[in-house]
Amino acid sequence: MSATAGPLARFRARRPAISAQTRSEHRLGWMLSAPAVIAILLVAAYPIIYAVVLSTQELDLRFPGEGGFIGLDNYRTVLTSSLWWQDLANTLVIAVISVAIELILGMAIALTMNRAIFGRGAVRTSVLIPYGIVTVVAAFAWQFAFAPGGFVNPALGIDKGWFGGHTSALAVIIMAEVWKTTPFMALLLLAGLTTIDGGLYDAAKVDGANAMQRFFRITLPLMKGAILVALLFRSLDAFRIFDNIFIMTQGAQNTESVSILGYNQLISRTNLGLGSAVSVLIFILALVIAFGFIRLLGVRMSDGRPGT
């Protein structure tokens, strides 16, 4: 017997054997999930592939007689345009600021809902009302509130054109985002809070830990996975912001996002090639954001505990 045969044999002996029943369950799992996987491929994969194909074409519906394969020229046009980088900066500013505020407010709301003793159901229902409102309806409400004839200026005793400047318009858009989606963040964080054993807090109180120490040494470490999942979902959603900007400013005052840019190219200017290139770039950036958060999750799938 060779020198490596002994360790290899011991490794195989220690490795648990997969029974026929387990293999049968695995096959059954694949068979049951196959229709959903096929449906996802048909619904999602085909449009993505078709958008990639269109992005390599010079396809402008205003000039139907022109066109053809141009390779990566559309991507070169987008990436060398100052408008793309300007819109990307606007998108990142809105996403980073809104998600950061939502995380803080969502954590506070989740802690309140988790500790509420009386009227817990009513509290949770009332908190989720903004998230249940259609985004377009909420955007119109915020637009009317901050319009010159709205109630915000009289309430604050000022006369300000909120949508007449870049900073103030972005501020209203961010506030609308925070108001609309903070309940979603709170709901995800509340799910993480319910998994923490209350006995840990009782033991910490016995040891003399105050509320801040219990929060930073028990709550936050044990909620790392839930927090990162909430940030992942909201960051991807905020990066694709469209409704609020389209309703409130339509991209005026330099408030255009990358999604608005793609809409203008595809729908308003009917430039399918250039618009598809913008869409593919947005998709790639969303993949980068998702991959980054997944790498940060650090969850060991073997035991389900947050990793180091």
# chains A, B, ... in the order shown; residues from 1 in each chain; ligands from 1

$ select_by_dssp --residues "region 112-286 of chain A" --states "alpha helix (DSSP H)" --output "PyMOL selection string"
chain A and resi 112-115+120-132+135-146+152-156+166-193+198-206+211-214+220-222+224-239+243-248+258-263+272-286

$ residues_around --residues "region 225-239 of chain A" --least-positions-apart "5" --cutoff "7 Å" --atoms "only C-alpha atoms" --output "number ranges by chain"
A: 91-92, 95, 99, 185, 188-189, 192, 286, 290, 293, 297, 306

$ closest_residue --among "A:Asn254, A:Ala176, A:Leu261, A:Pro183" --to "Val136 (chain A)" --atoms "only C-alpha atoms"
A:Ala176

$ closest_residue --among "A:Met248, A:Met31, A:Leu190, A:Ile101" --to "Trp162 (chain A)" --atoms "only C-alpha atoms"
A:Met248
